[in-house]
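J.: start-v6.pdb is the file, holding PDB, C-alpha atoms:
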ATOM      1  CA  MET A1420     110.373  92.979  92.352
ATOM      2  CA  SER A1421     107.938  95.811  93.141
ATOM      3  CA  LYS A1422     106.084  97.535  90.327
ATOM      4  CA  PRO A1423     107.147 101.110  89.404
ATOM      5  CA  TYR A1424     103.489 102.140  89.615
ATOM      6  CA  SER A1425     100.375 101.658  91.715
ATOM      7  CA  PRO A1426      97.912  99.065  90.343
ATOM      8  CA  THR A1427      95.240 100.693  92.509
ATOM      9  CA  TRP A1428      95.725 104.123  90.957
ATOM     10  CA  ARG A1429      95.734 102.607  87.494
ATOM     11  CA  LEU A1430      92.422 100.922  88.247
ATOM     12  CA  ILE A1431      90.998 104.202  89.536
ATOM     13  CA  SER A1432      92.034 105.969  86.332
ATOM     14  CA  VAL A1433      90.230 103.357  84.237
ATOM     15  CA  ILE A1434      87.085 103.547  86.375
ATOM     16  CA  VAL A1435      86.989 107.340  86.053
ATOM     17  CA  LEU A1436      88.255 107.828  82.498
ATOM     18  CA  ARG A1437      86.310 105.181  80.596
ATOM     19  CA  PRO A1438      82.726 106.190  81.480
ATOM     20  CA  LEU A1439      83.521 109.905  81.276
ATOM     21  CA  LEU A1440      85.018 109.786  77.778
ATOM     22  CA  THR A1441      82.389 107.329  76.597
ATOM     23  CA  LEU A1442      79.708 109.766  77.713
ATOM     24  CA  LEU A1443      81.299 112.863  76.193
ATOM     25  CA  ILE A1444      82.743 111.459  72.953
ATOM     26  CA  ARG A1445      81.445 109.005  70.366
ATOM     27  CA  ASN A1446      84.350 106.610  69.707
ATOM     28  CA  LYS A1447      84.587 104.349  66.660
ATOM     29  CA  TRP A1448      87.408 101.804  66.641
ATOM     30  CA  SER A1449      88.921  99.432  64.122
ATOM     31  CA  GLY A1450      92.030  97.268  63.857
ATOM     32  CA  ARG A1451      91.585  96.007  67.389
ATOM     33  CA  GLU A1452      92.898  92.594  66.324
ATOM     34  CA  ASN A1453      96.313  94.208  65.774
ATOM     35  CA  ILE A1454      96.771  95.093  69.437
ATOM     36  CA  PRO A1455      98.952  92.509  71.259
ATOM     37  CA  LYS A1456      97.279  91.357  74.453
ATOM     38  CA  GLN A1457     100.528  90.993  76.362
ATOM     39  CA  GLY A1458     104.239  91.758  76.203
ATOM     40  CA  GLY A1459     106.146  94.959  75.599
ATOM     41  CA  VAL A1460     104.752  96.936  72.678
ATOM     42  CA  ILE A1461     105.135 100.446  71.264
ATOM     43  CA  PHE A1462     102.083 102.304  70.014
ATOM     44  CA  ALA A1463     102.830 105.195  67.643
ATOM     45  CA  PRO A1464      99.806 107.492  67.048
ATOM     46  CA  ASN A1465      99.527 110.715  65.068
ATOM     47  CA  HIS A1466      99.114 113.889  67.124
ATOM     48  CA  LEU A1467      96.344 116.433  66.506
ATOM     49  CA  SER A1468      95.197 117.839  69.839
ATOM     50  CA  TYR A1469      95.630 117.854  73.602
ATOM     51  CA  VAL A1470      92.597 115.547  73.633
ATOM     52  CA  ASP A1471      94.556 112.768  71.878
ATOM     53  CA  TRP A1472      95.886 111.244  75.074
ATOM     54  CA  GLY A1473      92.369 110.729  76.452
ATOM     55  CA  THR A1474      90.807 109.025  73.436
ATOM     56  CA  ASP A1475      93.986 107.020  72.825
ATOM     57  CA  ALA A1476      94.080 105.886  76.452
ATOM     58  CA  LEU A1477      90.452 104.789  76.197
ATOM     59  CA  PHE A1478      91.188 102.879  72.983
ATOM     60  CA  PHE A1479      94.121 100.986  74.483
ATOM     61  CA  GLN A1480      92.430 100.336  77.830
ATOM     62  CA  ALA A1481      89.321  98.955  76.150
ATOM     63  CA  ASN A1482      91.559  96.586  74.207
ATOM     64  CA  GLY A1483      93.341  95.209  77.231
ATOM     65  CA  ARG A1484      96.431  97.424  77.440
ATOM     66  CA  TYR A1485      97.073 100.074  80.064
ATOM     67  CA  PRO A1486      99.004 102.870  78.317
ATOM     68  CA  THR A1487     102.308 104.256  79.545
ATOM     69  CA  PHE A1488     102.698 107.690  77.988
ATOM     70  CA  LEU A1489     105.784 109.854  77.585
ATOM     71  CA  ILE A1490     104.541 113.176  78.978
ATOM     72  CA  LYS A1491     106.220 116.565  79.272
ATOM     73  CA  ASP A1492     107.691 116.971  82.734
ATOM     74  CA  GLY A1493     105.689 120.145  83.402
ATOM     75  CA  ALA A1494     102.556 118.040  83.873
ATOM     76  CA  PHE A1495     104.265 116.203  86.738
ATOM     77  CA  LYS A1496     104.645 119.513  88.590
ATOM     78  CA  VAL A1497     100.933 120.334  88.536
ATOM     79  CA  LYS A1498      99.351 119.984  91.950
ATOM     80  CA  GLY A1499      96.976 117.022  92.097
ATOM     81  CA  ILE A1500      97.910 115.778  88.622
ATOM     82  CA  GLY A1501     101.643 115.215  89.049
ATOM     83  CA  PRO A1502     101.397 112.716  91.918
ATOM     84  CA  PHE A1503      98.757 110.738  90.022
ATOM     85  CA  LEU A1504     100.952 110.556  86.891
ATOM     86  CA  HIS A1505     103.821 109.194  88.968
ATOM     87  CA  LYS A1506     101.580 106.633  90.686
ATOM     88  CA  ALA A1507     100.165 105.525  87.341
ATOM     89  CA  GLY A1508     103.687 104.903  86.033
ATOM     90  CA  GLN A1509     103.745 107.589  83.336
ATOM     91  CA  LEU A1510     107.161 108.745  82.094
ATOM     92  CA  PRO A1511     108.329 112.405  82.267
ATOM     93  CA  VAL A1512     110.073 113.986  79.277
ATOM     94  CA  HIS A1513     112.650 116.579  80.370
ATOM     95  CA  ARG A1514     113.184 118.718  77.302
ATOM     96  CA  GLY A1515     116.241 120.923  77.015
ATOM     97  CA  ARG A1516     118.094 119.212  79.859
ATOM     98  CA  ALA A1517     121.217 117.115  79.942
ATOM     99  CA  ASP A1518     119.168 114.121  81.087
ATOM    100  CA  ALA A1519     116.493 114.535  78.395
ATOM    101  CA  ALA A1520     117.340 111.145  76.877
ATOM    102  CA  LEU A1521     116.803 109.423  80.238
ATOM    103  CA  VAL A1522     113.133 108.856  79.396
ATOM    104  CA  LEU A1523     114.145 106.665  76.464
ATOM    105  CA  LYS A1524     116.007 104.379  78.893
ATOM    106  CA  GLN A1525     112.946 104.372  81.143
ATOM    107  CA  ALA A1526     110.800 103.471  78.143
ATOM    108  CA  GLU A1527     113.158 100.602  77.313
ATOM    109  CA  GLN A1528     112.856  99.304  80.876
ATOM    110  CA  ALA A1529     109.072  99.614  80.786
ATOM    111  CA  LEU A1530     108.994  97.581  77.565
ATOM    112  CA  ALA A1531     111.226  94.954  79.136
ATOM    113  CA  ASP A1532     108.662  94.743  81.944
ATOM    114  CA  GLY A1533     105.903  94.114  79.403
ATOM    115  CA  ALA A1534     104.391  97.604  79.232
ATOM    116  CA  ALA A1535     102.477  99.224  76.379
ATOM    117  CA  VAL A1536     104.434 102.426  75.746
ATOM    118  CA  ILE A1537     102.855 105.237  73.738
ATOM    119  CA  PHE A1538     105.130 107.483  71.678
ATOM    120  CA  TYR A1539     103.819 110.463  69.769
ATOM    121  CA  PRO A1540     106.667 110.353  67.240
ATOM    122  CA  GLU A1541     106.055 113.896  65.990
ATOM    123  CA  GLY A1542     106.812 115.149  69.503
ATOM    124  CA  THR A1543     104.039 117.752  69.327
ATOM    125  CA  ALA A1544     100.726 118.336  67.602
ATOM    126  CA  THR A1545     101.164 118.478  63.837
ATOM    127  CA  ARG A1546     101.708 121.882  62.268
ATOM    128  CA  ASP A1547     100.814 120.664  58.809
ATOM    129  CA  PRO A1548      98.200 123.131  57.464
ATOM    130  CA  ASP A1549      95.916 120.222  56.544
ATOM    131  CA  LEU A1550      96.668 118.258  59.729
ATOM    132  CA  TRP A1551      98.571 115.405  58.076
ATOM    133  CA  PRO A1552     101.334 113.735  60.138
ATOM    134  CA  MET A1553     104.618 115.613  59.873
ATOM    135  CA  VAL A1554     108.280 114.578  59.964
ATOM    136  CA  ALA A1555     108.904 112.791  63.269
ATOM    137  CA  LYS A1556     111.760 112.648  65.722
ATOM    138  CA  THR A1557     113.752 109.424  65.830
ATOM    139  CA  GLY A1558     113.345 108.480  69.489
ATOM    140  CA  VAL A1559     110.616 105.951  68.747
ATOM    141  CA  ALA A1560     112.867 104.126  66.258
ATOM    142  CA  ARG A1561     115.799 104.196  68.672
ATOM    143  CA  VAL A1562     113.772 102.465  71.380
ATOM    144  CA  ALA A1563     112.209 100.017  68.922
ATOM    145  CA  LEU A1564     115.558  98.975  67.449
ATOM    146  CA  SER A1565     117.218  98.824  70.874
ATOM    147  CA  THR A1566     114.539  96.591  72.388
ATOM    148  CA  GLY A1567     113.091  94.710  69.440
ATOM    149  CA  ALA A1568     109.615  95.637  70.661
ATOM    150  CA  PRO A1569     106.918  95.654  67.949
ATOM    151  CA  VAL A1570     105.684  99.052  66.790
ATOM    152  CA  ILE A1571     101.958  99.340  66.139
ATOM    153  CA  PRO A1572     101.011 102.370  64.024
ATOM    154  CA  VAL A1573      97.860 104.104  65.246
ATOM    155  CA  ALA A1574      95.781 106.861  63.676
ATOM    156  CA  HIS A1575      92.881 108.892  64.948
ATOM    157  CA  TRP A1576      90.740 111.611  63.431
ATOM    158  CA  GLY A1577      88.246 113.880  65.154
ATOM    159  CA  THR A1578      90.051 115.143  68.259
ATOM    160  CA  GLN A1579      90.855 118.365  66.383
ATOM    161  CA  ASP A1580      87.125 119.089  66.316
ATOM    162  CA  ILE A1581      86.969 118.902  70.116
ATOM    163  CA  LEU A1582      90.033 120.993  70.941
ATOM    164  CA  PRO A1583      91.996 122.415  67.997
ATOM    165  CA  TYR A1584      95.682 122.988  68.594
ATOM    166  CA  GLY A1585      96.328 126.525  69.885
ATOM    167  CA  SER A1586      92.785 126.894  71.245
ATOM    168  CA  LYS A1587      91.584 126.746  74.844
ATOM    169  CA  LYS A1588      87.930 126.322  73.891
ATOM    170  CA  VAL A1589      86.706 122.745  74.269
ATOM    171  CA  ARG A1590      83.867 121.900  71.869
ATOM    172  CA  LEU A1591      82.022 118.897  73.250
ATOM    173  CA  PHE A1592      78.536 119.706  71.970
ATOM    174  CA  PRO A1593      77.102 118.544  69.745
ATOM    175  CA  ARG A1594      78.798 115.285  70.667
ATOM    176  CA  LYS A1595      81.807 114.650  68.430
ATOM    177  CA  THR A1596      83.005 111.401  66.873
ATOM    178  CA  VAL A1597      86.640 110.296  67.122
ATOM    179  CA  ARG A1598      87.697 107.394  64.911
ATOM    180  CA  THR A1599      90.771 105.384  65.866
ATOM    181  CA  VAL A1600      92.468 102.544  63.996
ATOM    182  CA  ALA A1601      95.456 100.335  64.841
ATOM    183  CA  GLY A1602      97.540  98.853  62.036
ATOM    184  CA  LYS A1603      99.728  95.806  61.775
ATOM    185  CA  PRO A1604     103.257  95.925  63.263
ATOM    186  CA  VAL A1605     105.700  97.963  61.185
ATOM    187  CA  ASP A1606     108.397  95.821  59.559
ATOM    188  CA  LEU A1607     111.678  97.227  60.895
ATOM    189  CA  SER A1608     113.766  94.132  60.169
ATOM    190  CA  GLU A1609     115.855  96.025  57.595
ATOM    191  CA  TRP A1610     117.312  98.162  60.397
ATOM    192  CA  ALA A1611     117.596  95.541  63.152
ATOM    193  CA  GLY A1612     120.725  95.995  65.261
ATOM    194  CA  LYS A1613     121.344  99.516  63.896
ATOM    195  CA  ALA A1614     120.082 101.602  66.805
ATOM    196  CA  ASN A1615     123.314 103.623  66.776
ATOM    197  CA  SER A1616     123.108 104.521  63.098
ATOM    198  CA  ALA A1617     121.596 107.946  62.450
ATOM    199  CA  LYS A1618     120.754 106.932  58.886
ATOM    200  CA  ALA A1619     118.985 103.775  60.039
ATOM    201  CA  LEU A1620     117.064 105.662  62.730
ATOM    202  CA  ARG A1621     115.792 108.179  60.217
ATOM    203  CA  ALA A1622     114.792 105.487  57.721
ATOM    204  CA  ALA A1623     113.044 103.416  60.400
ATOM    205  CA  THR A1624     111.236 106.494  61.719
ATOM    206  CA  ASP A1625     110.059 107.381  58.224
ATOM    207  CA  ALA A1626     108.814 103.812  57.767
ATOM    208  CA  ILE A1627     106.784 104.076  60.978
ATOM    209  CA  MET A1628     105.332 107.449  60.007
ATOM    210  CA  GLY A1629     104.562 106.171  56.531
ATOM    211  CA  GLU A1630     102.293 103.527  58.070
ATOM    212  CA  VAL A1631     100.712 106.061  60.440
ATOM    213  CA  THR A1632     100.043 108.428  57.541
ATOM    214  CA  ALA A1633      98.482 105.634  55.496
ATOM    215  CA  LEU A1634      96.066 104.932  58.349
ATOM    216  CA  VAL A1635      95.189 108.625  58.655
ATOM    217  CA  ALA A1636      94.518 108.652  54.908
ATOM    218  CA  GLN A1637      92.248 105.636  55.388
ATOM    219  CA  LEU A1638      90.242 107.430  58.072
ATOM    220  CA  ARG A1639      90.002 110.636  56.050
ATOM    221  CA  ASP A1640      89.466 108.880  52.705
ATOM    222  CA  GLU A1641      91.934 111.355  51.221
ATOM    223  CA  THR A1642      95.391 111.257  49.659
ATOM    224  CA  PRO A1643      98.227 112.515  51.889
ATOM    225  CA  PRO A1644     100.892 114.928  50.596
ATOM    226  CA  ALA A1645     103.804 113.315  48.761
ATOM    227  CA  VAL A1646     106.267 115.078  51.064
ATOM    228  CA  PRO A1647     105.469 115.379  54.792
ATOM    229  CA  PHE A1648     105.580 118.750  56.486
ATOM    230  CA  ASP A1649     108.864 119.423  58.309
ATOM    231  CA  MET A1650     108.558 121.787  61.263
ATOM    232  CA  ASN A1651     112.327 122.366  61.262
ATOM    233  CA  GLN A1652     112.034 123.927  57.831
ATOM    234  CA  ALA A1653     109.005 126.066  58.607
ATOM    235  CA  SER A1654     108.729 129.515  60.090
ATOM    236  CA  ILE A1655     106.502 129.337  63.159
ATOM    237  CA  THR A1656     105.858 132.802  64.498
ATOM    238  CA  ASP A1657     103.562 132.090  67.412
ATOM    239  CA  ARG A1658     101.790 129.326  69.274
ATOM    240  CA  GLY A1659      98.541 129.610  67.390
ATOM    241  CA  SER A1660      99.849 130.220  63.891
ATOM    242  CA  THR A1661      99.792 127.733  61.056
ATOM    243  CA  PRO A1662     102.943 127.780  58.910
ATOM    244  CA  GLN A1663     103.097 126.998  55.226
ATOM    245  CA  ALA A1664     104.214 123.522  54.217
ATOM    246  CA  GLN A1665     107.861 123.037  53.264
ATOM    247  CA  PRO A1666     109.692 120.022  51.832
ATOM    248  CA  ALA A1667     110.878 117.594  54.485
ATOM    249  CA  VAL A1668     114.587 117.438  55.252
ATOM    250  CA  ALA A1669     115.835 114.383  57.093
ATOM    251  CA  SER A1670     117.028 115.059  60.613
ATOM    252  CA  ASP A1671     119.020 112.483  62.538
ATOM    253  CA  GLN A1672     118.555 114.110  65.917
ATOM    254  CA  ALA A1673     116.949 111.586  68.237
ATOM    255  CA  GLN A1674     115.036 113.427  70.936
ATOM    256  CA  PRO A1675     112.386 112.129  73.335
ATOM    257  CA  GLU A1676     108.814 112.524  72.225
ATOM    258  CA  GLY A1677     106.316 114.104  74.532
ATOM    259  CA  SER A1678     102.572 114.077  74.790
ATOM    260  CA  GLY A1679     101.293 117.584  74.456
ATOM    261  CA  GLN A1680     102.163 120.883  72.852
TER     262      GLN A1680
END
Turn this file's structure into structure tokens for me.
T.:
Amino acid sequence: MSKPYSPTWRLISVIVLRPLLTLLIRNKWSGRENIPKQGGVIFAPNHLSYVDWGTDALFFQANGRYPTFLIKDGAFKVKGIGPFLHKAGQLPVHRGRADAALVLKQAEQALADGAAVIFYPEGTATRDPDLWPMVAKTGVARVALSTGAPVIPVAHWGTQDILPYGSKKVRLFPRKTVRTVAGKPVDLSEWAGKANSAKALRAATDAIMGEVTALVAQLRDETPPAVPFDMNQASITDRGSTPQAQPAVASDQAQPEGSGQ
């Protein structure tokens, strides 16, 4: 069976990406022993900036796993970038379309083939005023419970200093430090076999984000808010604005997560 990607293009991406990001960004990693060396696995990082994908990709590549991201379909239409994303086996997220959930099936197939699939469960960069992880969508739990693939919570801190959300100004100098940590697999056994239960999906998603938030707290050496920010309950007036925090309200809508925005 032929691979749904080009090994050559994946190798090229590693050769180009690793030295470039190592030169531009100081990366500090921990929890590397928690990254499975083979087999289908889901990585669930927090989302702070457009830079996240680069430092996360470097982290996973350096620890033996080539990352398969869920990326907004618009990136696949960009000349020069789109063809590369296809060749590297990345998965397009079609938001607002009837086939939007198709990417979750593609993610399930990729996991069955032994891939390392990266979900940004929040679906977009956090809008929490203090940059804590916010209430996530349930797509990551749906795929995890459908496939039985382990979910590794991941946290990073520092990408917001390089490119804050809503800004187009990249701040590389002085050289910034990004710290990334991988945690132990999230215990989802309580919800095994309940991928079709909205209540189970929400509970499993909250369990995943609870572990991610704990890792962010570890990196920041701070205490996270008792109630995560819920973007559905906030008033967001424009792309660059920062809304005020509101109590989280559980949502059972399972939508694909994308990398970006």
J.: Would you list the contacts of A:Asp1606 as JSON, numbers by chain, taking every protein, DNA or RNA residue within 10 Å and counting only C-alpha atoms, but skipping same-chain residues closer than 6 positions in sequence?
T.: {"A": [1569, 1570, 1571, 1623, 1626, 1627, 1630]}
J.: Which one is closest to A:Met1553: A:Arg1514, A:His1505, A:His1466, A:Lys1496? Count all atoms listed in the file.
T.: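 Using all atoms listed in the file, the shortest distance to A:Met1553 belongs to A:His1466.
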J.: Can you tell me how far atom CA of A:Glu1641 sits from atom CA of A:Asp1471, in Å to one decimal?
T.: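 Here the two named atoms are 20.9 Å from each other.
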J.: So how many Å separate atom CA of A:Asn1446 and atom CA of A:Lys1588, to one decimal?
T.: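 Atom CA of A:Asn1446 sits 20.5 Å away from atom CA of A:Lys1588.
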J.: Identify all residues satisfying the PyMOL selection byres ((chain A and resi 1452-1459) around 9) in the given file; provide them as a list in words.
T.: Ser1449, Gly1450, Arg1451, Val1460, Ile1461, Phe1462, Phe1479, Asn1482, Gly1483, Arg1484, Ala1529, Leu1530, Ala1531, Asp1532, Gly1533, Ala1534, Ala1535, Val1536, Ala1568, Pro1569, Ile1571, Ala1601, Gly1602, Lys1603 and Pro1604 of chain A
J.: Separation of atom CA of A:Lys1422 and atom CA of A:Thr1474, in Å?
T.: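 Between atom CA of A:Lys1422 and atom CA of A:Thr1474 the gap works out to 25.5 Å.
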J.: If you apply the PyMOL selection byres ((chain A and resi 1576) around 6) to this file, what residues do you get, as an MDAnalysis selection string?
T.: chainID A and resid 1575 1577 1597:1598
J.: Could you tell me which of A:Pro1438, A:Arg1546, A:Pro1464, A:Lys1491 comes closest to A:Gly1515 if we count all atoms listed in the file?
T.: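 So, comparing all the options, the nearest one is A:Lys1491.
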J.: Quick one: of A:Leu1591, A:Val1522, A:Leu1436, A:Ile1500, who's nearest to A:Val1559, counting all atoms listed in the file?
T.: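 Closest to A:Val1559, using all atoms listed in the file: A:Val1522.
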J.: Run through the PyMOL selection byres ((chain A and resi 1552) around 8) on the given coordinates and return the selected residues as a list of chain:residue names.
T.: A:Asn1465, A:His1466, A:Glu1541, A:Thr1545, A:Asp1547, A:Leu1550, A:Trp1551, A:Met1553, A:Val1554, A:Met1628, A:Val1631, A:Thr1632, A:Pro1647, A:Phe1648
J.: Can you write just those residues out, C-alpha atoms, as a compact mmCIF listing (two decimals), in the frame of the given file?
T.:
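Once written, result-v8.txt looks like this:
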# COMPACT_ATOMS: atom_id res chain seq x y z
CA ASN A 1465 99.53 110.72 65.07
CA HIS A 1466 99.11 113.89 67.12
CA GLU A 1541 106.06 113.90 65.99
CA THR A 1545 101.16 118.48 63.84
CA ASP A 1547 100.81 120.66 58.81
CA LEU A 1550 96.67 118.26 59.73
CA TRP A 1551 98.57 115.40 58.08
CA MET A 1553 104.62 115.61 59.87
CA VAL A 1554 108.28 114.58 59.96
CA MET A 1628 105.33 107.45 60.01
CA VAL A 1631 100.71 106.06 60.44
CA THR A 1632 100.04 108.43 57.54
CA PRO A 1647 105.47 115.38 54.79
CA PHE A 1648 105.58 118.75 56.49
